[in-house]
file start-v8.cif (mmCIF, C-alpha atoms and all ligand atoms)
data_protein
#
loop_
_atom_site.label_atom_id
_atom_site.label_comp_id
_atom_site.auth_asym_id
_atom_site.auth_seq_id
_atom_site.Cartn_x
_atom_site.Cartn_y
_atom_site.Cartn_z
CA MET A 1 95.43 86.47 109.05
CA LYS A 2 92.44 86.81 106.67
CA ARG A 3 89.78 84.07 106.54
CA ILE A 4 89.11 82.95 102.98
CA LEU A 5 86.56 80.44 101.78
CA LEU A 6 87.71 78.78 98.54
CA GLY A 7 84.98 77.29 96.36
CA ILE A 8 86.08 74.83 93.69
CA SER A 9 83.71 73.91 90.88
CA GLY A 10 84.14 71.17 88.27
CA GLY A 11 86.68 71.79 85.54
CA ILE A 12 90.15 70.69 84.57
CA ALA A 13 91.57 73.92 86.09
CA ALA A 14 90.62 72.45 89.49
CA TYR A 15 94.08 70.87 89.51
CA LYS A 16 95.49 74.40 90.02
CA SER A 17 93.49 74.73 93.26
CA ALA A 18 96.09 72.73 95.15
CA GLU A 19 98.76 75.32 94.33
CA LEU A 20 96.25 78.09 95.03
CA VAL A 21 95.61 76.77 98.55
CA ARG A 22 99.35 76.44 99.18
CA LEU A 23 100.03 80.01 98.05
CA LEU A 24 97.05 81.42 99.95
CA ARG A 25 98.39 79.95 103.18
CA LYS A 26 101.87 81.22 102.37
CA ASN A 27 100.32 84.68 101.95
CA ASP A 28 98.79 84.55 105.43
CA TYR A 29 95.24 83.47 104.58
CA GLU A 30 93.40 80.91 106.69
CA VAL A 31 91.70 78.70 104.11
CA ARG A 32 88.55 76.54 104.21
CA VAL A 33 87.61 74.65 101.07
CA VAL A 34 84.23 73.79 99.63
CA MET A 35 83.95 71.62 96.52
CA THR A 36 81.13 70.69 94.16
CA HIS A 37 80.62 67.03 93.36
CA ALA A 38 82.05 67.64 89.85
CA ALA A 39 85.19 69.23 91.34
CA THR A 40 85.88 66.07 93.36
CA GLN A 41 86.12 64.19 90.03
CA PHE A 42 89.14 66.33 89.09
CA ILE A 43 91.00 66.61 92.40
CA THR A 44 90.45 64.76 95.66
CA PRO A 45 89.14 66.50 98.78
CA LEU A 46 91.94 64.73 100.68
CA THR A 47 94.60 66.69 98.75
CA LEU A 48 92.91 69.98 99.65
CA GLN A 49 92.34 68.88 103.22
CA ALA A 50 96.05 68.15 103.59
CA LEU A 51 97.02 71.51 102.05
CA SER A 52 94.44 73.65 103.87
CA GLY A 53 94.75 71.80 107.18
CA HIS A 54 90.95 71.52 107.49
CA ALA A 55 88.23 69.09 106.42
CA VAL A 56 86.82 69.91 102.98
CA HIS A 57 83.07 70.59 102.70
CA THR A 58 81.16 68.97 99.86
CA GLN A 59 77.61 68.24 101.05
CA LEU A 60 74.77 70.71 101.36
CA LEU A 61 72.80 68.43 103.66
CA ASP A 62 75.23 66.56 105.86
CA ALA A 63 74.00 65.99 109.40
CA SER A 64 77.49 65.93 110.93
CA GLU A 65 78.60 69.08 109.09
CA GLU A 66 75.39 70.90 109.98
CA ASN A 67 76.16 70.22 113.63
CA ALA A 68 79.78 71.31 113.37
CA MET A 69 79.87 74.10 110.78
CA GLY A 70 76.78 74.33 108.65
CA HIS A 71 76.65 76.43 105.51
CA ILE A 72 75.43 79.53 107.34
CA ASN A 73 78.29 79.34 109.84
CA LEU A 74 80.79 78.78 107.02
CA ALA A 75 79.42 81.81 105.16
CA ARG A 76 79.62 83.90 108.35
CA TRP A 77 83.16 82.70 109.04
CA ALA A 78 84.48 83.91 105.67
CA GLU A 79 85.98 87.38 105.22
CA LEU A 80 86.48 86.69 101.51
CA PHE A 81 84.86 84.12 99.23
CA LEU A 82 86.89 83.07 96.19
CA ILE A 83 85.51 80.63 93.63
CA ALA A 84 88.31 79.21 91.48
CA PRO A 85 87.77 77.69 89.06
CA ALA A 86 84.27 78.96 88.38
CA SER A 87 82.87 76.83 85.55
CA ALA A 88 80.23 78.10 83.07
CA ASN A 89 77.62 76.04 84.94
CA CYS A 90 78.70 77.46 88.28
CA MET A 91 78.57 81.04 86.95
CA ALA A 92 75.10 80.41 85.53
CA LYS A 93 73.83 79.15 88.90
CA LEU A 94 75.37 82.01 90.85
CA SER A 95 74.02 84.61 88.46
CA LEU A 96 70.47 83.25 88.85
CA GLY A 97 70.66 82.49 92.57
CA ILE A 98 70.18 78.74 92.14
CA ALA A 99 71.16 77.13 95.42
CA ASP A 100 71.19 73.41 94.66
CA ASN A 101 74.62 72.56 96.04
CA LEU A 102 76.77 73.68 98.96
CA LEU A 103 78.93 76.08 96.90
CA SER A 104 76.06 77.96 95.26
CA THR A 105 74.13 78.03 98.56
CA LEU A 106 77.15 79.57 100.27
CA TYR A 107 77.24 82.24 97.56
CA LEU A 108 73.70 83.24 98.54
CA ALA A 109 74.46 83.09 102.26
CA ALA A 110 77.79 84.96 102.10
CA GLU A 111 77.79 88.67 102.98
CA CYS A 112 81.55 89.11 102.42
CA PRO A 113 83.11 90.21 99.09
CA VAL A 114 83.01 87.49 96.42
CA TYR A 115 85.69 86.89 93.76
CA ILE A 116 85.45 84.41 90.91
CA ALA A 117 88.14 83.11 88.57
CA PRO A 118 86.28 81.69 85.54
CA ALA A 119 87.70 78.72 83.64
CA MET A 120 86.10 77.07 80.63
CA ASN A 121 86.45 76.29 76.93
CA GLN A 122 86.82 79.44 74.82
CA ALA A 123 83.55 78.88 72.91
CA MET A 124 81.66 78.44 76.19
CA TRP A 125 83.22 81.67 77.50
CA SER A 126 82.23 83.72 74.46
CA LYS A 127 78.68 82.28 74.28
CA PRO A 128 76.25 85.23 74.76
CA VAL A 129 74.50 83.50 77.65
CA THR A 130 77.79 83.15 79.57
CA GLN A 131 78.57 86.81 78.91
CA GLU A 132 75.08 87.73 80.15
CA ASN A 133 75.72 85.71 83.32
CA LEU A 134 79.06 87.47 83.71
CA ASN A 135 77.41 90.89 83.40
CA ARG A 136 74.78 89.93 85.93
CA LEU A 137 77.43 88.80 88.40
CA GLN A 138 79.34 92.06 87.91
CA GLN A 139 76.13 94.00 88.56
CA HIS A 140 75.81 91.99 91.78
CA LYS A 141 79.29 93.31 92.77
CA VAL A 142 81.11 90.01 92.20
CA HIS A 143 84.78 90.70 91.36
CA ILE A 144 86.02 88.84 88.30
CA ILE A 145 89.64 87.64 88.06
CA GLY A 146 90.65 86.61 84.51
CA PRO A 147 90.18 84.49 82.54
CA GLU A 148 93.36 84.53 80.46
CA THR A 149 93.89 83.74 76.83
CA GLY A 150 96.11 80.92 75.59
CA SER A 151 96.10 77.24 74.72
CA GLN A 152 93.49 75.20 76.58
CA ALA A 153 93.34 71.63 77.90
CA CYS A 154 90.80 70.82 75.13
CA GLY A 155 93.39 71.75 72.47
CA GLU A 156 91.72 75.03 71.48
CA THR A 157 93.14 78.52 71.90
CA GLY A 158 91.36 81.60 73.24
CA TYR A 159 89.92 83.21 76.38
CA GLY A 160 88.87 80.83 79.11
CA ARG A 161 92.06 79.69 80.86
CA MET A 162 91.94 80.23 84.59
CA SER A 163 94.46 82.83 85.80
CA GLU A 164 97.58 81.40 87.40
CA PRO A 165 97.30 80.97 91.21
CA SER A 166 100.00 83.61 91.88
CA ASP A 167 98.12 86.13 89.67
CA ILE A 168 94.84 85.32 91.43
CA ILE A 169 96.47 86.10 94.77
CA THR A 170 97.91 89.38 93.47
CA GLN A 171 94.48 90.37 92.14
CA LEU A 172 92.81 89.38 95.42
CA GLY A 173 95.26 91.67 97.20
CA VAL A 174 94.54 94.53 94.79
CA LEU A 175 90.76 94.10 94.96
CA SER A 176 90.52 93.60 98.72
CA ALA A 177 93.09 96.14 100.00
CA PRO A 178 91.78 99.36 101.51
CA GLN A 179 92.38 101.97 98.83
CA LEU A 180 94.27 104.40 101.08
CA LEU A 181 96.26 105.80 98.15
CA LEU A 182 93.54 105.63 95.52
CA ASN A 183 94.70 107.48 92.37
CA LYS A 184 97.67 109.01 94.19
CA LYS A 185 100.78 109.19 92.02
CA VAL A 186 103.71 107.64 93.85
CA LEU A 187 107.32 107.68 92.66
CA ILE A 188 109.70 105.24 94.35
CA SER A 189 113.44 104.70 93.94
CA ALA A 190 114.95 101.32 94.80
CA GLY A 191 118.16 99.34 94.76
CA PRO A 192 121.81 100.31 94.61
CA THR A 193 123.64 102.33 92.00
CA HIS A 194 126.72 101.22 90.06
CA GLU A 195 129.41 103.89 89.72
CA ALA A 196 131.71 102.78 86.92
CA LEU A 197 135.48 103.12 87.33
CA ASP A 198 136.44 101.63 84.00
CA PRO A 199 134.78 99.27 81.45
CA VAL A 200 134.94 96.32 83.89
CA ARG A 201 134.69 97.71 87.43
CA TYR A 202 132.23 99.71 89.48
CA ILE A 203 131.61 100.86 93.06
CA THR A 204 128.32 99.76 94.64
CA ASN A 205 126.68 98.74 97.94
CA ARG A 206 124.70 95.83 99.38
CA SER A 207 121.18 97.05 98.51
CA SER A 208 119.06 94.32 96.89
CA GLY A 209 116.12 96.58 95.99
CA LYS A 210 113.72 94.45 98.10
CA MET A 211 112.56 97.34 100.32
CA GLY A 212 111.83 99.67 97.38
CA TYR A 213 110.13 96.95 95.30
CA ALA A 214 107.94 95.97 98.28
CA LEU A 215 106.93 99.62 98.63
CA ALA A 216 106.07 99.80 94.92
CA GLN A 217 103.92 96.67 95.06
CA GLN A 218 102.15 97.65 98.26
CA ALA A 219 101.50 101.20 97.01
CA GLN A 220 99.86 99.68 93.95
CA LEU A 221 97.70 97.44 96.15
CA LEU A 222 96.58 100.54 98.05
CA GLY A 223 95.33 102.04 94.79
CA ALA A 224 98.28 104.26 93.82
CA LYS A 225 99.61 104.83 90.30
CA VAL A 226 103.23 103.82 90.84
CA THR A 227 106.43 104.67 89.00
CA LEU A 228 109.51 102.75 90.09
CA VAL A 229 113.04 103.94 89.31
CA SER A 230 115.27 100.97 89.95
CA GLY A 231 119.00 100.62 90.19
CA PRO A 232 120.57 97.30 89.11
CA THR A 233 118.92 94.40 91.02
CA GLN A 234 118.29 90.67 90.60
CA LEU A 235 114.55 91.18 91.24
CA VAL A 236 111.80 90.45 88.72
CA THR A 237 110.33 93.64 87.24
CA PRO A 238 106.92 94.03 88.91
CA LYS A 239 103.90 93.42 86.68
CA ASN A 240 101.84 96.48 85.75
CA ILE A 241 104.20 98.95 87.43
CA HIS A 242 105.86 101.56 85.23
CA THR A 243 109.52 100.72 85.90
CA LEU A 244 112.58 102.60 84.70
CA LYS A 245 115.92 100.81 84.99
CA VAL A 246 119.02 102.89 85.65
CA LYS A 247 122.58 102.13 86.65
CA SER A 248 124.40 105.14 88.09
CA ALA A 249 123.46 107.86 90.59
CA ALA A 250 123.53 110.38 87.72
CA GLU A 251 121.08 108.25 85.69
CA MET A 252 118.84 107.84 88.74
CA TYR A 253 118.89 111.61 89.30
CA THR A 254 117.82 112.25 85.67
CA ALA A 255 115.07 109.61 85.75
CA VAL A 256 113.64 110.82 89.09
CA MET A 257 113.70 114.49 88.08
CA GLN A 258 111.95 113.65 84.79
CA GLN A 259 109.26 111.56 86.51
CA VAL A 260 108.66 113.71 89.59
CA VAL A 261 106.44 116.33 87.93
CA GLY A 262 102.83 115.77 89.04
CA GLN A 263 103.68 113.12 91.65
CA ASP A 264 101.93 113.22 95.03
CA ILE A 265 104.55 111.22 96.91
CA PHE A 266 108.26 110.45 96.41
CA ILE A 267 109.89 107.68 98.46
CA SER A 268 113.66 107.47 98.15
CA ALA A 269 114.43 103.90 99.24
CA ALA A 270 117.41 103.58 96.88
CA ALA A 271 120.89 103.34 98.32
CA VAL A 272 122.35 105.99 96.03
CA ALA A 273 126.13 106.30 95.95
CA ASP A 274 127.28 109.47 97.72
CA TYR A 275 130.47 109.52 95.63
CA THR A 276 131.34 108.54 92.08
CA PRO A 277 134.72 108.27 90.32
CA GLU A 278 135.83 111.71 89.18
CA LYS A 279 136.77 110.33 85.79
CA LEU A 280 135.53 107.23 83.99
CA GLN A 281 138.57 105.46 82.52
CA THR A 282 137.83 104.27 78.99
CA GLU A 283 140.33 101.42 79.26
CA LYS A 284 140.79 98.88 82.04
CA ILE A 285 142.93 100.33 84.84
CA LYS A 286 146.14 98.30 84.99
CA LYS A 287 147.45 96.86 88.24
CA GLN A 288 150.20 98.96 89.85
CA ASP A 289 153.09 97.72 91.96
CA ASP A 290 152.25 100.15 94.74
CA ASN A 291 149.03 101.17 96.46
CA THR A 292 146.73 103.26 94.34
CA ARG A 293 144.21 106.04 95.05
CA LEU A 294 140.78 106.67 93.61
CA SER A 295 139.64 110.21 93.12
CA LEU A 296 135.90 110.52 93.86
CA CYS A 297 133.49 113.41 93.58
CA LYS A 298 130.09 113.93 95.22
CA THR A 299 126.91 112.81 93.44
CA GLN A 300 123.84 115.02 93.37
CA ASP A 301 121.51 114.39 96.29
CA ILE A 302 118.33 113.19 94.59
CA VAL A 303 115.93 113.24 97.54
CA ALA A 304 117.12 116.70 98.64
CA SER A 305 116.72 118.01 95.07
CA VAL A 306 113.11 116.73 94.99
CA ALA A 307 112.37 118.09 98.48
CA ASN A 308 113.49 121.56 97.38
CA LEU A 309 111.33 121.74 94.23
CA PRO A 310 108.71 124.53 94.30
CA ASN A 311 105.79 122.05 93.94
CA LYS A 312 107.42 119.20 95.78
CA PRO A 313 105.57 115.95 96.40
CA PHE A 314 105.30 114.59 99.97
CA THR A 315 108.94 113.51 100.19
CA VAL A 316 110.11 110.52 102.22
CA GLY A 317 113.78 109.68 102.64
CA PHE A 318 115.43 106.64 104.18
CA ALA A 319 118.41 106.68 106.52
CA ALA A 320 120.66 103.63 106.68
CA GLU A 321 122.84 103.84 109.78
CA THR A 322 125.29 101.65 111.69
CA HIS A 323 125.24 103.98 114.75
CA ASN A 324 123.41 107.02 116.17
CA LEU A 325 120.29 106.09 114.18
CA GLU A 326 117.96 108.73 115.64
CA ARG A 327 120.46 111.60 115.61
CA TYR A 328 121.55 111.02 111.99
CA ALA A 329 117.98 110.42 110.80
CA LEU A 330 116.71 113.67 112.37
CA ASP A 331 119.67 115.52 110.89
CA LYS A 332 118.80 114.20 107.40
CA LEU A 333 115.11 115.06 107.90
CA GLN A 334 116.01 118.72 108.55
CA ARG A 335 119.02 119.11 106.27
CA LYS A 336 117.32 117.55 103.23
CA ASN A 337 113.99 119.32 103.92
CA LEU A 338 112.06 116.01 104.00
CA ASP A 339 108.47 115.46 105.12
CA MET A 340 109.37 112.11 106.67
CA ILE A 341 112.37 109.84 107.12
CA ALA A 342 112.37 106.07 107.65
CA ALA A 343 115.51 105.01 109.49
CA ASN A 344 116.88 101.48 109.55
CA TRP A 345 119.87 99.83 111.14
CA VAL A 346 122.34 98.32 108.68
CA GLY A 347 125.55 96.37 109.14
CA LYS A 348 125.86 93.48 111.56
CA VAL A 349 122.19 93.36 112.57
CA GLU A 350 119.07 91.59 111.31
CA GLY A 351 117.27 93.48 108.54
CA GLY A 352 118.49 96.40 106.44
CA PHE A 353 120.44 95.51 103.30
CA ASP A 354 119.69 92.37 101.29
CA SER A 355 117.34 90.79 103.81
CA ASP A 356 113.67 89.81 103.49
CA ARG A 357 112.98 91.48 106.84
CA ASN A 358 113.49 94.93 108.27
CA ALA A 359 112.44 97.28 111.08
CA LEU A 360 111.97 101.05 110.87
CA GLN A 361 112.00 104.11 113.07
CA VAL A 362 110.06 106.78 111.26
CA TYR A 363 110.36 110.50 112.03
CA TRP A 364 108.55 113.61 110.85
CA GLN A 365 108.19 117.13 112.26
CA ASN A 366 107.11 116.61 115.87
CA GLY A 367 106.28 112.94 115.44
CA LYS A 368 107.76 109.47 115.37
CA LYS A 369 106.65 105.85 115.04
CA THR A 370 108.45 102.51 115.37
CA PHE A 371 107.70 99.51 113.18
CA ALA A 372 109.05 96.25 114.62
CA MET A 373 111.07 93.67 112.67
CA THR A 374 108.85 91.98 110.06
CA ASP A 375 108.99 91.02 106.39
CA LYS A 376 109.52 93.90 103.98
CA THR A 377 106.09 93.46 102.35
CA GLN A 378 104.29 93.97 105.65
CA LEU A 379 106.65 96.78 106.63
CA ALA A 380 106.07 98.55 103.31
CA ASN A 381 102.33 98.36 103.95
CA GLN A 382 102.74 99.84 107.44
CA LEU A 383 104.94 102.67 106.18
CA LEU A 384 102.55 103.51 103.32
CA THR A 385 99.58 103.51 105.71
CA LEU A 386 101.46 106.03 107.86
CA ILE A 387 102.36 108.12 104.79
CA ALA A 388 98.67 108.16 103.73
CA GLU A 389 97.73 109.29 107.27
CA ARG A 390 100.35 112.08 107.33
CA LEU A 391 99.44 113.17 103.79
CA ASN A 392 95.85 113.72 104.90
CA ALA A 393 96.82 115.23 108.28
O1 LIG A 401 117.48 97.34 99.02
P1 LIG A 401 117.39 96.47 100.27
O2 LIG A 401 118.42 95.36 100.25
O3 LIG A 401 116.00 95.98 100.51
O4 LIG A 401 117.80 97.36 101.52
C1 LIG A 401 116.98 98.41 101.92
C2 LIG A 401 117.79 99.67 102.28
C3 LIG A 401 118.63 99.39 103.53
C4 LIG A 401 118.71 100.06 101.10
C5 LIG A 401 116.75 100.81 102.52
O5 LIG A 401 115.90 100.44 103.57
C6 LIG A 401 117.44 102.12 102.84
O6 LIG A 401 117.82 102.42 103.96
N1 LIG A 401 117.65 102.96 101.76
C7 LIG A 401 118.43 104.21 101.85
C8 LIG A 401 119.89 103.88 101.87
C9 LIG A 401 120.75 105.13 101.90
O7 LIG A 401 121.36 105.43 100.93
O8 LIG A 401 120.68 105.83 103.02
P2 LIG A 401 121.53 107.19 103.30
O9 LIG A 401 121.33 107.40 104.74
O10 LIG A 401 122.90 107.06 102.75
O11 LIG A 401 120.76 108.27 102.44
C10 LIG A 401 119.71 109.09 102.96
C11 LIG A 401 118.66 109.35 101.92
O12 LIG A 401 119.23 110.13 100.86
C12 LIG A 401 118.08 108.12 101.27
O13 LIG A 401 116.70 108.30 101.10
C13 LIG A 401 118.77 108.06 99.91
O14 LIG A 401 117.96 107.46 98.93
C14 LIG A 401 118.98 109.53 99.61
N2 LIG A 401 120.13 109.86 98.74
C15 LIG A 401 121.41 109.60 99.12
C16 LIG A 401 122.44 109.98 98.29
C17 LIG A 401 122.17 110.63 97.08
N3 LIG A 401 123.12 110.99 96.25
N4 LIG A 401 120.90 110.87 96.73
C18 LIG A 401 119.89 110.50 97.54
O15 LIG A 401 118.71 110.71 97.19
#
call {"tool": "encode", "arguments": {"input": "start-v8.cif", "output": "structure tokens"}}
result
Amino acid sequence: MKRILLGISGGIAAYKSAELVRLLRKNDYEVRVVMTHAATQFITPLTLQALSGHAVHTQLLDASEENAMGHINLARWAELFLIAPASANCMAKLSLGIADNLLSTLYLAAECPVYIAPAMNQAMWSKPVTQENLNRLQQHKVHIIGPETGSQACGETGYGRMSEPSDIITQLGVLSAPQLLLNKKVLISAGPTHEALDPVRYITNRSSGKMGYALAQQAQLLGAKVTLVSGPTQLVTPKNIHTLKVKSAAEMYTAVMQQVVGQDIFISAAAVADYTPEKLQTEKIKKQDDNTRLSLCKTQDIVASVANLPNKPFTVGFAAETHNLERYALDKLQRKNLDMIAANWVGKVEGGFDSDRNALQVYWQNGKKTFAMTDKTQLANQLLTLIAERLNA
């Protein structure tokens, strides 16, 4: 759990801080809140106390707080310091080192990375003095998140809207993650494939795409340039990730082979159909009186095709098994010429298909590692950290 100090300065966007605190906690941050006097005019400290689970700090010189957790202790406690919203006045103070309230004093005392999400009227944002303050803060290694453009509370339109809380958290993740895959090109396949029988029917499997999408998002957080080839899923297309949507195994094969040139890593998390109907019927197949048979032919093995390219990327396959997990996974590692295979149990167990959680047994030549049951986001991060380690080994 990361310790984050959230500073709230005075502005109408302070109302979004309640949602920000809720989402930060949901994303495994321990949150302490500090507010300026002006911020308390927009949202009550009690609301933020209830959401963060801790008393909110507002006073620079408060005898009781100095005894319990004075500003130096609070600054030392923080692993990250986020100021959202950061008003024009707040930015001006920070940029000049004016420490006349608790928030701006904490900025001077904090040695951890600092992130600010500015929020103000568009004319105030574009004023040269605000831009000078912004430049000074950037020179002082403060990370800036937003602001966004759009309609503002004052009725005007332009830059100055605070970024949405969910976007702030994504950016925090991007800016604070160790850049283990910095500038690496990573291609990931995700989801099921649909193998059409006729205009209304197809053969598929239970893959939701969650594992592959989590890998794509985590790889991006670790600094990679990610391309995602996705089979049909209900998931929202990830922001800022080059995503190609395909339906069938044949389409996925074409997309992967087109994208693979120049990639450093390929991770085949998709549950690609092993067989497809031999012939696509152009009209709906009519019901018969008797049993019927489907004639299927093998699809091309995408991950094996990539692993046998002359300049192949570091190639990671998955193995989804209901029994003999280790034996089948090791067989696939050898037979498909993979650099690594991540094996998971599927069927009547927790994890695997269409679940938010999963566990993995990962194998490579002369090595193995087990990742215990956890949510797919965390698991993706663990697997990518291992891939980065093996890539550099
Ligand atoms: O999508 P979720 O609901 O989050 O579920 C995640 C998952 C269970 C689908 C995922 O973790 C997983 O195991 N993906 C691989 C599923 C699979 O097809 O496994 P397999 O053992 O049948 O295939 C072995 C490997 O060959 C896989 O990397 C697969 O992508 C690849 N393959 C298979 C057939 C084919 N024609 N081309 C391939 O590239």
call {"tool": "atom_distance", "arguments": {"input": "start-v8.cif", "atom1": "CA of Ala123 (chain A)", "atom2": "CA of Tyr159 (chain A)"}}
result
8.4 Å
call {"tool": "axis_aligned_box", "arguments": {"input": "start-v8.cif", "around": "ligand LIG 401 (chain A)", "padding_each_side": "8 Å", "output": "AutoDock Vina command-line options"}}
result
--center_x 119.5 --center_y 103.2 --center_z 100.5 --size_x 23.2 --size_y 31.6 --size_z 24.5
call {"tool": "residues_near_ligand", "arguments": {"input": "start-v8.cif", "ligand": "ligand LIG 401 (chain A)", "cutoff": "7 Å", "atoms": "all atoms listed in the file", "output": "PDB file with C-alpha atoms, in the coordinates of the input"}}
result
ATOM      1  CA  ALA A 190     114.950 101.320  94.800  1.00  0.00           C
ATOM      2  CA  GLY A 191     118.160  99.340  94.760  1.00  0.00           C
ATOM      3  CA  PRO A 192     121.810 100.310  94.610  1.00  0.00           C
ATOM      4  CA  ARG A 206     124.700  95.830  99.380  1.00  0.00           C
ATOM      5  CA  SER A 207     121.180  97.050  98.510  1.00  0.00           C
ATOM      6  CA  SER A 208     119.060  94.320  96.890  1.00  0.00           C
ATOM      7  CA  GLY A 209     116.120  96.580  95.990  1.00  0.00           C
ATOM      8  CA  LYS A 210     113.720  94.450  98.100  1.00  0.00           C
ATOM      9  CA  MET A 211     112.560  97.340 100.320  1.00  0.00           C
ATOM     10  CA  GLY A 212     111.830  99.670  97.380  1.00  0.00           C
ATOM     11  CA  ALA A 249     123.460 107.860  90.590  1.00  0.00           C
ATOM     12  CA  SER A 268     113.660 107.470  98.150  1.00  0.00           C
ATOM     13  CA  ALA A 269     114.430 103.900  99.240  1.00  0.00           C
ATOM     14  CA  ALA A 270     117.410 103.580  96.880  1.00  0.00           C
ATOM     15  CA  ALA A 271     120.890 103.340  98.320  1.00  0.00           C
ATOM     16  CA  VAL A 272     122.350 105.990  96.030  1.00  0.00           C
ATOM     17  CA  ALA A 273     126.130 106.300  95.950  1.00  0.00           C
ATOM     18  CA  ASP A 274     127.280 109.470  97.720  1.00  0.00           C
ATOM     19  CA  THR A 299     126.910 112.810  93.440  1.00  0.00           C
ATOM     20  CA  GLN A 300     123.840 115.020  93.370  1.00  0.00           C
ATOM     21  CA  ASP A 301     121.510 114.390  96.290  1.00  0.00           C
ATOM     22  CA  ILE A 302     118.330 113.190  94.590  1.00  0.00           C
ATOM     23  CA  VAL A 303     115.930 113.240  97.540  1.00  0.00           C
ATOM     24  CA  ALA A 304     117.120 116.700  98.640  1.00  0.00           C
ATOM     25  CA  GLY A 317     113.780 109.680 102.640  1.00  0.00           C
ATOM     26  CA  PHE A 318     115.430 106.640 104.180  1.00  0.00           C
ATOM     27  CA  ALA A 319     118.410 106.680 106.520  1.00  0.00           C
ATOM     28  CA  ALA A 320     120.660 103.630 106.680  1.00  0.00           C
ATOM     29  CA  GLU A 321     122.840 103.840 109.780  1.00  0.00           C
ATOM     30  CA  LYS A 332     118.800 114.200 107.400  1.00  0.00           C
ATOM     31  CA  ALA A 343     115.510 105.010 109.490  1.00  0.00           C
ATOM     32  CA  ASN A 344     116.880 101.480 109.550  1.00  0.00           C
ATOM     33  CA  VAL A 346     122.340  98.320 108.680  1.00  0.00           C
ATOM     34  CA  GLY A 352     118.490  96.400 106.440  1.00  0.00           C
ATOM     35  CA  PHE A 353     120.440  95.510 103.300  1.00  0.00           C
ATOM     36  CA  ASP A 354     119.690  92.370 101.290  1.00  0.00           C
ATOM     37  CA  SER A 355     117.340  90.790 103.810  1.00  0.00           C
TER      38      SER A 355
END
call {"tool": "atom_distance", "arguments": {"input": "start-v8.cif", "atom1": "CA of Leu222 (chain A)", "atom2": "CA of Val174 (chain A)"}}
result
7.1 Å
call {"tool": "residues_around", "arguments": {"input": "start-v8.cif", "residues": "region 13-24 of chain A", "least_positions_apart": "2", "cutoff": "9 Å", "atoms": "only C-alpha atoms", "output": "ChimeraX atom specification"}}
result
/A:4,6,8-11,26-31,33,39-40,42-43,47-48,51-52,84-85,119-120,153,161-162,164-166,168-169
call {"tool": "atom_distance", "arguments": {"input": "start-v8.cif", "atom1": "CA of Ala92 (chain A)", "atom2": "CA of Asn133 (chain A)"}}
result
5.8 Å
call {"tool": "closest_atom_pairs", "arguments": {"input": "start-v8.cif", "of": "region 293-348 of chain A", "to": "region 363-380 of chain A", "cutoff": "9 Å", "atoms": "all atoms listed in the file", "output": "Markdown table"}}
result
| residue | atom | partner | partner_atom | distance |
| --- | --- | --- | --- | --- |
| A:Glu326 | CA | A:Tyr363 | CA | 8.6 |
| A:Ala329 | CA | A:Tyr363 | CA | 7.7 |
| A:Leu330 | CA | A:Tyr363 | CA | 7.1 |
| A:Leu333 | CA | A:Trp364 | CA | 7.3 |
| A:Gln334 | CA | A:Gln365 | CA | 8.8 |
| A:Leu338 | CA | A:Trp364 | CA | 8.1 |
| A:Asp339 | CA | A:Trp364 | CA | 6.0 |
| A:Met340 | CA | A:Trp364 | CA | 4.5 |
| A:Ile341 | CA | A:Tyr363 | CA | 5.3 |
| A:Ala342 | CA | A:Tyr363 | CA | 6.5 |
| A:Ala343 | CA | A:Tyr363 | CA | 7.9 |
call {"tool": "closest_residue", "arguments": {"input": "start-v8.cif", "among": "A:Tyr213, A:Trp125, A:Phe314, A:Tyr115", "to": "Ile145 (chain A)", "atoms": "all atoms listed in the file"}}
result
A:Tyr115
call {"tool": "residues_around", "arguments": {"input": "start-v8.cif", "residues": "Gly160 (chain A)", "least_positions_apart": "5", "cutoff": "10 Å", "atoms": "all atoms listed in the file", "output": "PyMOL selection string"}}
result
chain A and resi 87-88+117-126+146-152
call {"tool": "closest_residue", "arguments": {"input": "start-v8.cif", "among": "A:Val114, A:Leu175, A:Ala214, A:Leu82", "to": "Leu235 (chain A)", "atoms": "all atoms listed in the file"}}
result
A:Ala214
call {"tool": "closest_residue", "arguments": {"input": "start-v8.cif", "among": "A:Asp264, A:Asp100, A:Glu79, A:Glu195", "to": "Pro113 (chain A)", "atoms": "only C-alpha atoms"}}
result
A:Glu79
call {"tool": "closest_residue", "arguments": {"input": "start-v8.cif", "among": "A:Thr193, A:Asn205, A:Gln59, A:Thr105", "to": "Val229 (chain A)", "atoms": "only C-alpha atoms"}}
result
A:Thr193
call {"tool": "closest_residue", "arguments": {"input": "start-v8.cif", "among": "A:Gly347, A:Ser305, A:Lys284, A:Leu221", "to": "Thr170 (chain A)", "atoms": "only C-alpha atoms"}}
result
A:Leu221
call {"tool": "closest_residue", "arguments": {"input": "start-v8.cif", "among": "A:Val186, A:Met1, A:Leu94, A:Met252", "to": "Ala224 (chain A)", "atoms": "only C-alpha atoms"}}
result
A:Val186
